[in-house]
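protein-v2.cif, holding mmCIF, C-alpha atoms:
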data_model
loop_
_atom_site.label_atom_id
_atom_site.label_comp_id
_atom_site.auth_asym_id
_atom_site.auth_seq_id
_atom_site.Cartn_x
_atom_site.Cartn_y
_atom_site.Cartn_z
CA PRO A 1 -33.95 12.86 -19.34
CA ARG A 2 -37.15 11.15 -18.35
CA ASN A 3 -36.65 11.47 -14.60
CA SER A 4 -35.80 14.06 -12.03
CA ALA A 5 -32.47 13.63 -10.32
CA GLN A 6 -34.03 14.58 -6.96
CA THR A 7 -36.18 11.43 -6.95
CA LEU A 8 -33.10 9.19 -6.93
CA PRO A 9 -31.22 8.29 -3.72
CA GLU A 10 -28.14 10.48 -4.18
CA LYS A 11 -27.83 13.66 -6.11
CA GLY A 12 -24.47 12.72 -7.65
CA LEU A 13 -25.72 9.27 -8.56
CA GLY A 14 -28.93 10.80 -9.86
CA HIS A 15 -27.02 13.02 -12.28
CA ARG A 16 -25.08 10.06 -13.61
CA LEU A 17 -28.19 7.93 -14.00
CA SER A 18 -29.99 10.82 -15.67
CA PHE A 19 -27.23 11.00 -18.24
CA PHE A 20 -27.93 7.36 -19.16
CA GLU A 21 -31.71 8.01 -19.10
CA VAL A 22 -32.33 5.66 -16.16
CA ASP A 23 -35.61 6.60 -14.51
CA ASP A 24 -37.20 5.59 -11.19
CA THR A 25 -38.79 2.49 -12.68
CA ASP A 26 -35.46 1.25 -14.02
CA PHE A 27 -33.77 2.07 -10.72
CA ARG A 28 -36.30 0.02 -8.75
CA ARG A 29 -35.49 -2.99 -10.96
CA PHE A 30 -31.79 -2.93 -10.00
CA PRO A 31 -32.14 -5.02 -6.80
CA ARG A 32 -34.04 -7.72 -8.70
CA LEU A 33 -31.38 -7.68 -11.43
CA ALA A 34 -28.63 -7.91 -8.78
CA ARG A 35 -30.29 -10.97 -7.23
CA ALA A 36 -30.49 -12.62 -10.64
CA LEU A 37 -26.83 -11.89 -11.31
CA ARG A 38 -25.79 -13.31 -7.93
CA ARG A 39 -27.70 -16.49 -8.74
CA LEU A 40 -26.70 -16.96 -12.38
CA ALA A 41 -23.23 -15.42 -12.70
CA PRO A 42 -21.20 -17.75 -10.41
CA PRO A 43 -22.17 -21.02 -12.15
CA ALA A 44 -21.71 -19.40 -15.56
CA LEU A 45 -18.25 -18.16 -14.61
CA ARG A 46 -17.32 -21.53 -13.10
CA LYS A 47 -18.34 -23.25 -16.32
CA PHE A 48 -16.39 -20.73 -18.40
CA TYR A 49 -13.18 -20.98 -16.35
CA SER A 50 -13.51 -24.75 -16.17
CA LYS A 51 -13.38 -24.75 -19.96
CA VAL A 52 -10.35 -22.47 -19.90
CA ALA A 53 -8.65 -24.64 -17.28
CA HIS A 54 -9.07 -27.78 -19.37
CA THR A 55 -8.04 -26.42 -22.75
CA PRO A 56 -5.17 -28.54 -24.13
CA GLU A 57 -2.77 -25.63 -24.47
CA ILE A 58 -2.92 -25.14 -20.69
CA SER A 59 -3.42 -28.61 -19.22
CA GLY A 60 -0.34 -30.20 -20.81
CA LEU A 61 1.75 -27.09 -21.07
CA PHE A 62 5.18 -28.01 -19.71
CA ALA A 63 5.32 -31.82 -19.84
CA ASN A 64 6.74 -32.33 -23.34
CA ALA A 65 9.34 -29.59 -22.94
CA ALA A 66 10.76 -31.22 -19.81
CA ALA A 67 10.83 -34.61 -21.56
CA ILE A 68 12.66 -33.12 -24.56
CA ALA A 69 15.31 -31.58 -22.33
CA MET A 70 15.80 -34.76 -20.30
CA LEU A 71 16.06 -36.95 -23.41
CA ALA A 72 18.39 -34.55 -25.24
CA SER A 73 20.82 -34.52 -22.31
CA SER A 74 20.84 -38.33 -21.98
CA ALA A 75 22.77 -40.95 -23.91
CA ARG A 76 20.81 -42.46 -26.81
CA SER A 77 21.30 -45.91 -25.32
CA ARG A 78 18.87 -44.84 -22.58
CA TRP A 79 16.25 -43.35 -24.88
CA LEU A 80 14.11 -46.49 -25.18
CA VAL A 81 13.66 -46.81 -21.42
CA LEU A 82 13.01 -43.09 -21.00
CA VAL A 83 10.45 -43.02 -23.83
CA LEU A 84 8.60 -46.02 -22.38
CA VAL A 85 8.44 -44.30 -18.98
CA MET A 86 7.24 -41.10 -20.66
CA ILE A 87 4.47 -42.99 -22.50
CA ALA A 88 3.27 -44.62 -19.26
CA VAL A 89 3.24 -41.30 -17.40
CA ASN A 90 1.54 -39.58 -20.34
CA VAL A 91 -1.27 -42.13 -20.53
CA VAL A 92 -1.87 -42.15 -16.77
CA ALA A 93 -1.85 -38.34 -16.54
CA ASN A 94 -4.28 -37.96 -19.44
CA MET A 95 -6.50 -40.65 -17.95
CA VAL A 96 -6.60 -38.81 -14.63
CA PHE A 97 -7.46 -35.47 -16.23
CA ARG A 98 -9.71 -36.67 -19.05
CA GLY A 99 -11.10 -40.00 -17.82
CA ASN A 100 -11.07 -41.69 -21.24
CA TRP A 101 -8.58 -44.42 -22.16
CA LEU A 102 -9.01 -44.03 -25.91
CA LEU A 103 -8.58 -40.26 -25.71
CA SER A 104 -5.53 -40.69 -23.46
CA LEU A 105 -3.92 -43.12 -25.91
CA SER A 106 -4.66 -40.75 -28.81
CA PHE A 107 -2.17 -38.25 -27.40
CA VAL A 108 0.71 -40.73 -27.32
CA PRO A 109 1.84 -40.72 -31.03
CA GLY A 110 2.07 -36.94 -31.23
CA ASN A 111 3.84 -36.62 -27.89
CA VAL A 112 6.38 -39.33 -28.73
CA ILE A 113 7.30 -37.94 -32.16
CA GLU A 114 7.56 -34.43 -30.69
CA VAL A 115 9.88 -35.46 -27.87
CA LEU A 116 12.07 -37.66 -30.09
CA ALA A 117 12.40 -34.99 -32.78
CA GLY A 118 13.22 -32.29 -30.24
CA ALA A 119 15.82 -34.44 -28.46
CA TRP A 120 17.47 -35.44 -31.74
CA LEU A 121 17.67 -31.84 -32.96
CA LEU A 122 19.07 -30.60 -29.64
CA GLN A 123 21.75 -33.30 -29.66
CA HIS A 124 22.82 -32.29 -33.16
CA ARG A 125 26.10 -30.40 -32.81
CA ASP A 126 25.61 -30.43 -29.05
CA ILE A 127 23.02 -27.64 -29.21
CA TRP A 128 21.64 -28.61 -25.80
CA ARG A 129 25.05 -28.20 -24.18
CA ASN A 130 25.89 -24.89 -25.88
CA HIS A 131 22.44 -23.28 -25.78
CA ASP A 132 23.47 -20.44 -23.46
CA HIS A 133 26.83 -19.46 -25.00
CA ASP A 134 25.47 -16.55 -27.01
CA VAL A 135 22.30 -15.17 -28.56
CA ARG A 136 22.72 -17.16 -31.76
CA THR A 137 22.95 -20.51 -29.98
CA TYR A 138 19.97 -19.56 -27.80
CA PHE A 139 17.73 -19.04 -30.82
CA ARG A 140 19.10 -22.22 -32.40
CA ALA A 141 18.11 -24.15 -29.26
CA ILE A 142 14.65 -22.54 -29.18
CA ALA A 143 14.08 -23.47 -32.83
CA ALA A 144 15.34 -27.03 -32.30
CA GLY A 145 13.45 -27.69 -29.08
CA ALA A 146 10.47 -25.32 -28.99
CA LEU A 147 9.35 -24.61 -32.56
CA VAL A 148 10.23 -27.33 -35.08
CA PRO A 149 9.40 -30.57 -33.17
CA GLU A 150 6.09 -29.09 -32.04
CA LEU A 151 5.08 -28.80 -35.70
CA LEU A 152 5.52 -32.56 -36.10
CA GLY A 153 3.85 -33.41 -32.80
CA ALA A 154 0.89 -31.08 -33.34
CA THR A 155 0.30 -32.35 -36.88
CA LEU A 156 0.40 -36.04 -35.99
CA GLY A 157 -1.54 -35.51 -32.76
CA ALA A 158 -4.27 -33.49 -34.49
CA LEU A 159 -4.62 -36.12 -37.22
CA VAL A 160 -5.10 -38.88 -34.63
CA LEU A 161 -7.60 -36.83 -32.63
CA GLN A 162 -9.58 -36.03 -35.77
CA TRP A 163 -9.44 -39.69 -36.88
CA LYS A 164 -10.87 -40.81 -33.55
CA GLY A 165 -13.52 -38.07 -33.65
CA PHE A 166 -12.36 -36.16 -30.58
CA ALA A 167 -11.65 -32.80 -32.24
CA SER A 168 -11.35 -31.08 -35.59
CA PHE A 169 -7.87 -30.94 -37.07
CA GLY A 170 -7.56 -27.15 -37.06
CA THR A 171 -8.63 -26.65 -33.46
CA ALA A 172 -6.56 -29.56 -32.13
CA TRP A 173 -3.45 -28.52 -34.10
CA LEU A 174 -3.57 -24.92 -32.89
CA ASP A 175 -4.16 -25.84 -29.25
CA TRP A 176 -1.40 -28.46 -29.32
CA TYR A 177 1.19 -26.27 -31.00
CA VAL A 178 0.55 -23.18 -28.86
CA GLY A 179 0.70 -25.12 -25.60
CA SER A 180 3.81 -27.11 -26.50
CA ALA A 181 5.72 -24.15 -27.94
CA LEU A 182 4.97 -21.86 -25.00
CA GLY A 183 5.83 -24.57 -22.51
CA ALA A 184 9.11 -25.31 -24.28
CA ILE A 185 10.14 -21.63 -24.38
CA ALA A 186 9.57 -21.42 -20.62
CA VAL A 187 11.00 -24.81 -19.58
CA LEU A 188 13.80 -25.70 -22.00
CA PRO A 189 16.35 -23.03 -20.95
CA PRO A 190 16.23 -23.74 -17.18
CA VAL A 191 16.13 -27.54 -17.61
CA LEU A 192 19.04 -27.49 -20.08
CA ALA A 193 20.96 -25.20 -17.74
CA LEU A 194 20.26 -27.63 -14.91
CA ARG A 195 21.48 -30.59 -16.97
CA ASN A 196 24.76 -28.75 -17.58
CA LEU A 197 25.39 -28.53 -13.82
CA THR A 198 26.49 -31.24 -11.46
CA ARG A 199 24.08 -32.24 -8.71
CA GLN A 200 26.23 -30.49 -6.12
CA GLN A 201 26.32 -27.28 -8.15
CA ALA A 202 22.55 -27.29 -8.65
CA VAL A 203 21.82 -27.92 -4.96
CA ARG A 204 24.32 -25.26 -3.92
CA GLN A 205 22.68 -22.67 -6.17
CA LEU A 206 19.12 -23.58 -5.18
CA MET A 207 19.66 -23.83 -1.43
CA THR A 208 20.75 -20.29 -0.75
CA ARG A 209 19.00 -17.48 1.09
CA GLN A 210 19.17 -15.34 -2.02
CA THR A 211 17.41 -17.98 -4.16
CA VAL A 212 14.68 -18.55 -1.57
CA ALA A 213 14.16 -14.80 -1.20
CA LEU A 214 13.99 -14.30 -4.97
CA LEU A 215 11.50 -17.16 -5.29
CA PHE A 216 9.15 -15.69 -2.68
CA ILE A 217 9.53 -12.20 -4.15
CA THR A 218 8.73 -13.52 -7.63
CA LEU A 219 5.66 -15.44 -6.44
CA GLY A 220 4.41 -12.60 -4.24
CA PHE A 221 4.97 -9.96 -6.90
CA SER A 222 3.23 -12.06 -9.55
CA TYR A 223 0.26 -12.67 -7.22
CA LEU A 224 -0.20 -8.97 -6.51
CA VAL A 225 0.25 -7.90 -10.12
CA LEU A 226 -1.96 -10.59 -11.66
CA LEU A 227 -4.81 -9.92 -9.24
CA HIS A 228 -4.68 -6.16 -8.84
CA MET A 229 -2.97 -4.50 -11.82
CA PRO A 230 -4.34 -3.75 -15.27
CA PHE A 231 -2.28 -5.26 -18.11
CA PRO A 232 -0.35 -7.39 -15.60
CA MET A 233 2.00 -9.04 -18.12
CA VAL A 234 3.75 -5.68 -18.54
CA TYR A 235 5.04 -5.80 -14.96
CA LEU A 236 5.90 -9.47 -14.51
CA SER A 237 9.38 -9.15 -16.00
CA ILE A 238 10.55 -6.67 -13.31
CA PRO A 239 11.64 -9.26 -10.68
CA LEU A 240 13.06 -11.45 -13.46
CA ILE A 241 15.31 -8.65 -14.71
CA ALA A 242 16.49 -8.02 -11.14
CA ALA A 243 17.26 -11.73 -10.74
CA ALA A 244 19.21 -11.77 -14.01
CA LEU A 245 21.43 -8.99 -12.70
CA ILE A 246 22.24 -10.46 -9.28
CA THR A 247 22.08 -14.26 -9.48
CA THR A 248 23.35 -17.17 -11.55
CA PRO A 249 21.98 -17.97 -15.02
CA PHE A 250 20.34 -21.20 -13.85
CA ILE A 251 18.45 -19.49 -11.02
CA ALA A 252 17.36 -16.61 -13.26
CA LEU A 253 16.09 -19.02 -15.94
CA PHE A 254 14.41 -21.14 -13.25
CA LEU A 255 12.54 -18.06 -12.00
CA CYS A 256 11.43 -17.35 -15.59
CA GLY A 257 9.85 -20.79 -15.67
CA VAL A 258 8.19 -20.20 -12.29
CA MET A 259 6.75 -16.90 -13.49
CA ALA A 260 5.43 -18.48 -16.69
CA ALA A 261 3.76 -21.28 -14.72
CA THR A 262 2.22 -18.71 -12.36
CA ALA A 263 0.83 -16.63 -15.23
CA VAL A 264 -0.62 -19.66 -17.00
CA THR A 265 -2.19 -20.91 -13.77
CA ALA A 266 -3.73 -17.48 -13.19
CA ILE A 267 -5.28 -17.57 -16.65
CA ALA A 268 -6.49 -21.14 -16.19
CA TYR A 269 -8.21 -20.52 -12.87
CA GLY A 270 -9.70 -17.15 -13.61
CA ALA A 271 -7.43 -14.76 -11.72
CA VAL A 272 -6.75 -13.06 -15.06
CA ALA A 273 -9.91 -12.87 -17.14
CA PRO A 274 -9.19 -13.51 -20.83
CA PRO A 275 -10.64 -11.06 -23.36
CA VAL A 276 -13.68 -11.86 -25.45
CA PHE A 277 -12.74 -13.55 -28.73
CA SER A 278 -14.69 -13.57 -31.96
CA ALA A 279 -12.79 -16.49 -33.50
CA ALA A 280 -11.34 -19.71 -32.09
CA TRP A 281 -7.77 -18.98 -33.17
CA GLN A 282 -7.70 -15.66 -31.28
CA HIS A 283 -7.30 -17.37 -27.89
CA VAL A 284 -3.65 -17.80 -28.93
CA LEU A 285 -3.30 -14.09 -28.21
CA MET A 286 -3.69 -14.82 -24.48
CA PHE A 287 -0.26 -16.46 -24.43
CA LEU A 288 1.79 -14.11 -26.62
CA PRO A 289 2.36 -11.66 -23.71
CA ILE A 290 3.93 -14.49 -21.71
CA VAL A 291 6.38 -15.18 -24.55
CA ALA A 292 7.08 -11.45 -24.82
CA MET A 293 7.86 -11.44 -21.08
CA LEU A 294 10.14 -14.50 -21.14
CA VAL A 295 12.32 -14.15 -24.23
CA PRO A 296 13.88 -10.71 -23.48
CA VAL A 297 14.75 -11.77 -19.92
CA GLN A 298 16.28 -15.04 -21.14
CA LEU A 299 18.33 -13.11 -23.69
CA LEU A 300 19.49 -10.71 -20.96
CA VAL A 301 20.61 -13.69 -18.85
CA ILE A 302 22.62 -15.10 -21.75
CA VAL A 303 24.22 -11.76 -22.66
CA LEU A 304 25.24 -11.08 -19.04
CA GLU A 305 26.67 -14.58 -18.66
CA ARG A 306 28.55 -14.21 -21.95
CA ARG A 307 30.02 -10.93 -20.74
CA ARG A 308 31.04 -12.47 -17.42
CA PHE A 309 32.65 -15.42 -19.20
CA LEU A 310 34.65 -13.17 -21.51
CA THR A 311 35.74 -10.96 -18.63
CA VAL A 312 37.01 -13.93 -16.62
CA SER A 313 38.69 -15.51 -19.68
CA LEU A 314 40.43 -12.32 -20.73
CA SER A 315 41.53 -11.62 -17.19
CA ALA A 316 43.07 -15.08 -16.92
CA LEU A 317 44.69 -14.72 -20.34
CA SER A 318 46.26 -11.34 -19.66
CA SER A 319 47.46 -12.25 -16.16
CA THR A 320 49.12 -15.55 -17.14
CA SER A 321 50.50 -14.63 -20.55
CA THR A 322 54.24 -13.90 -20.82
CA ASP A 323 53.63 -12.04 -24.09
CA LEU A 324 52.80 -8.39 -24.27
CA SER A 325 49.03 -8.12 -24.66
CA ALA A 326 46.25 -5.55 -24.67
CA VAL A 327 42.50 -6.01 -25.00
CA ILE A 328 41.00 -3.46 -27.39
CA ASP A 329 37.27 -3.30 -28.14
CA VAL A 330 35.69 -2.84 -31.57
CA GLN A 331 35.83 0.94 -31.20
CA GLY A 332 39.59 0.73 -30.71
CA VAL A 333 39.45 1.64 -27.00
CA VAL A 334 41.81 -0.22 -24.67
CA GLN A 335 39.94 -2.25 -22.06
CA ARG A 336 42.76 -4.24 -20.47
CA VAL A 337 46.58 -4.51 -20.62
CA ASN A 338 48.81 -6.98 -18.83
CA GLN A 339 51.83 -6.35 -16.65
CA VAL A 340 54.26 -7.11 -19.49
CA HIS A 341 52.86 -4.16 -21.40
CA ALA A 342 53.10 -1.98 -18.32
CA MET A 343 56.76 -2.89 -17.78
CA LEU A 344 57.71 -2.23 -21.40
CA ALA A 345 55.79 1.03 -21.50
CA LEU A 346 57.19 2.04 -18.09
CA VAL A 347 53.68 3.06 -16.91
CA GLY A 348 51.11 1.49 -14.64
CA ALA A 349 48.80 -1.06 -16.22
CA GLY A 350 45.74 1.07 -15.42
CA GLU A 351 47.07 4.23 -17.08
CA ASN A 352 46.42 3.00 -20.63
CA LEU A 353 42.78 2.03 -20.06
CA GLY A 354 40.33 4.09 -22.10
CA ARG A 355 42.96 5.27 -24.58
CA GLU A 356 42.35 4.79 -28.29
CA ASP A 357 45.92 3.97 -29.24
CA VAL A 358 48.48 2.03 -27.31
CA ALA A 359 51.88 1.33 -28.73
CA ILE A 360 52.61 -2.35 -28.34
CA GLY A 361 55.89 -2.36 -30.20
CA GLY A 362 56.58 -5.27 -32.49
CA ALA A 363 54.90 -7.84 -30.25
CA PRO A 364 52.61 -10.38 -31.95
CA ALA A 365 48.96 -9.39 -31.82
CA VAL A 366 46.15 -11.71 -30.83
CA GLU A 367 42.59 -11.70 -32.04
CA LEU A 368 39.60 -12.86 -29.99
CA ASP A 369 36.80 -14.39 -32.02
CA LEU A 370 33.63 -13.27 -30.24
CA GLY A 371 31.28 -14.82 -32.76
CA ARG A 372 31.66 -18.37 -31.49
CA GLY A 373 30.27 -20.18 -28.49
CA VAL A 374 33.63 -19.85 -26.69
CA GLY A 375 36.39 -17.33 -27.17
CA VAL A 376 39.12 -18.44 -29.52
CA VAL A 377 42.45 -16.67 -29.27
CA ARG A 378 44.80 -16.82 -32.21
CA ARG A 379 47.94 -14.98 -33.23
CA ARG A 380 47.88 -12.74 -36.27
#

Same coordinates, now as structure tokens:
Amino acid sequence: PRNSAQTLPEKGLGHRLSFFEVDDTDFRRFPRLARALRRLAPPALRKFYSKVAHTPEISGLFANAAAIAMLASSARSRWLVLVLVMIAVNVVANMVFRGNWLLSLSFVPGNVIEVLAGAWLLQHRDIWRNHDHDVRTYFRAIAAGALVPELLGATLGALVLQWKGFASFGTAWLDWYVGSALGAIAVLPPVLALRNLTRQQAVRQLMTRQTVALLFITLGFSYLVLLHMPFPMVYLSIPLIAAALITTPFIALFLCGVMAATAVTAIAYGAVAPPVFSAAWQHVLMFLPIVAMLVPVQLLVIVLERRRFLTVSLSALSSTSTDLSAVIDVQGVVQRVNQVHAMLALVGAGENLGREDVAIGGAPAVELDLGRGVGVVRRR
């Protein structure tokens, strides 16, 4: 070390500075360096976060996904009017944020082809209506509304932007696809769930004390975690998992969208500082943790709703059937028997639960097909 620790203001600090070979001359320069940082750092950070806030993958994140869901759940006779309204809103919004008519119009072809392709794919085989029946239909809906149409929209949009000289094809394509895909993963499930409800059902689910409490808990928790916790994306799914366990699928999916919007806003406005990237494509990595947070919770919501649906259906079936029936899981364990079985076996209906073999005489057996969107009961 080039200095004596005793010449520095604090002995403990002196030892640490000595380790880094900081002498008295260097130490005296610190106040001048601090003044320079106070003067230069704020405008530099504002400029940096302004760039982050106006990157295409953030600024137009959720708009196309909502339009896809609305169009897919509407009759095709109304598509022309809805698309014209979408184009007008799209141009005005881009004009407000970007201040350039030609640039605003350049986004229209890609957005239109993306929304039309997504709506058409979601209407195929009623995917939009059956998206939450099981895990398989969920992934089919995500592919149809959040992955495939964005390829078309990003490609056409990037070609137009490159043609007009606003951006290179590679940069524009990547920004467009990442923003649209992430927005669709966050927005499509709750909007499609909403479109499957009547207005009265949606209002009744939204206007409850539980929903309001969960909304404030989600927002408050996300604020604290994003501002004060390292690796905040790890913790954001905690209130979402709790919501999936205690509330309706629509409300749980709605809270997933709220959390995604909160996380993206935090990134855009600097509450969560993005890492330093050495290549342009690496900024995509900022958004992968949000996808990793959303998808497992959405799958949990669908699995829990599927289980509830099967429980209610089987309960209704066994209680109303005049045939002898028993529900046996794939391990051969009895989960439910009806009163007809109890009368024939001369035991209480609950006494056979958990057993691996139940004599059901010569009664016809039924098989429940769990691999479809809805349970199908058929005699064997």

inquiry  = Quick check, in Å to one decimal: how far apart do CA of Met95 (chain A) and CA of Gly118 (chain A) lie?
reply    =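 Spanning CA of Met95 (chain A) to CA of Gly118 (chain A) is a straight-line distance of 24.7 Å.
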
ask   = Which of these, A:Ser106, A:Thr211, A:Asn94, A:Asn196, has the shortest distance to Ser74 (chain A) once you count all atoms listed in the file?
value = A:Asn196

ask   = Just so the selection is clear, what residues does the PyMOL selection byres ((chain A and resi 234-237) around 8) cover here, as an NGL selection string?
value = :A and (221-222 or 225 or 231-233 or 238-241 or 259 or 293-294 or 297)

message = When you look at Arg136 (chain A) with a cut-off of 12 Å (counting only C-alpha atoms), what residues show up, excluding the ones that are within fewer than 2 positions of it in the same chain? I need them as a PyMOL selection string.
response = chain A and resi 127+130-134+138-143+299+302-303+306+370-373

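Pairwise distance (CA of Asp175 (chain A), CA of Val191 (chain A)) equals 23.5 Å.
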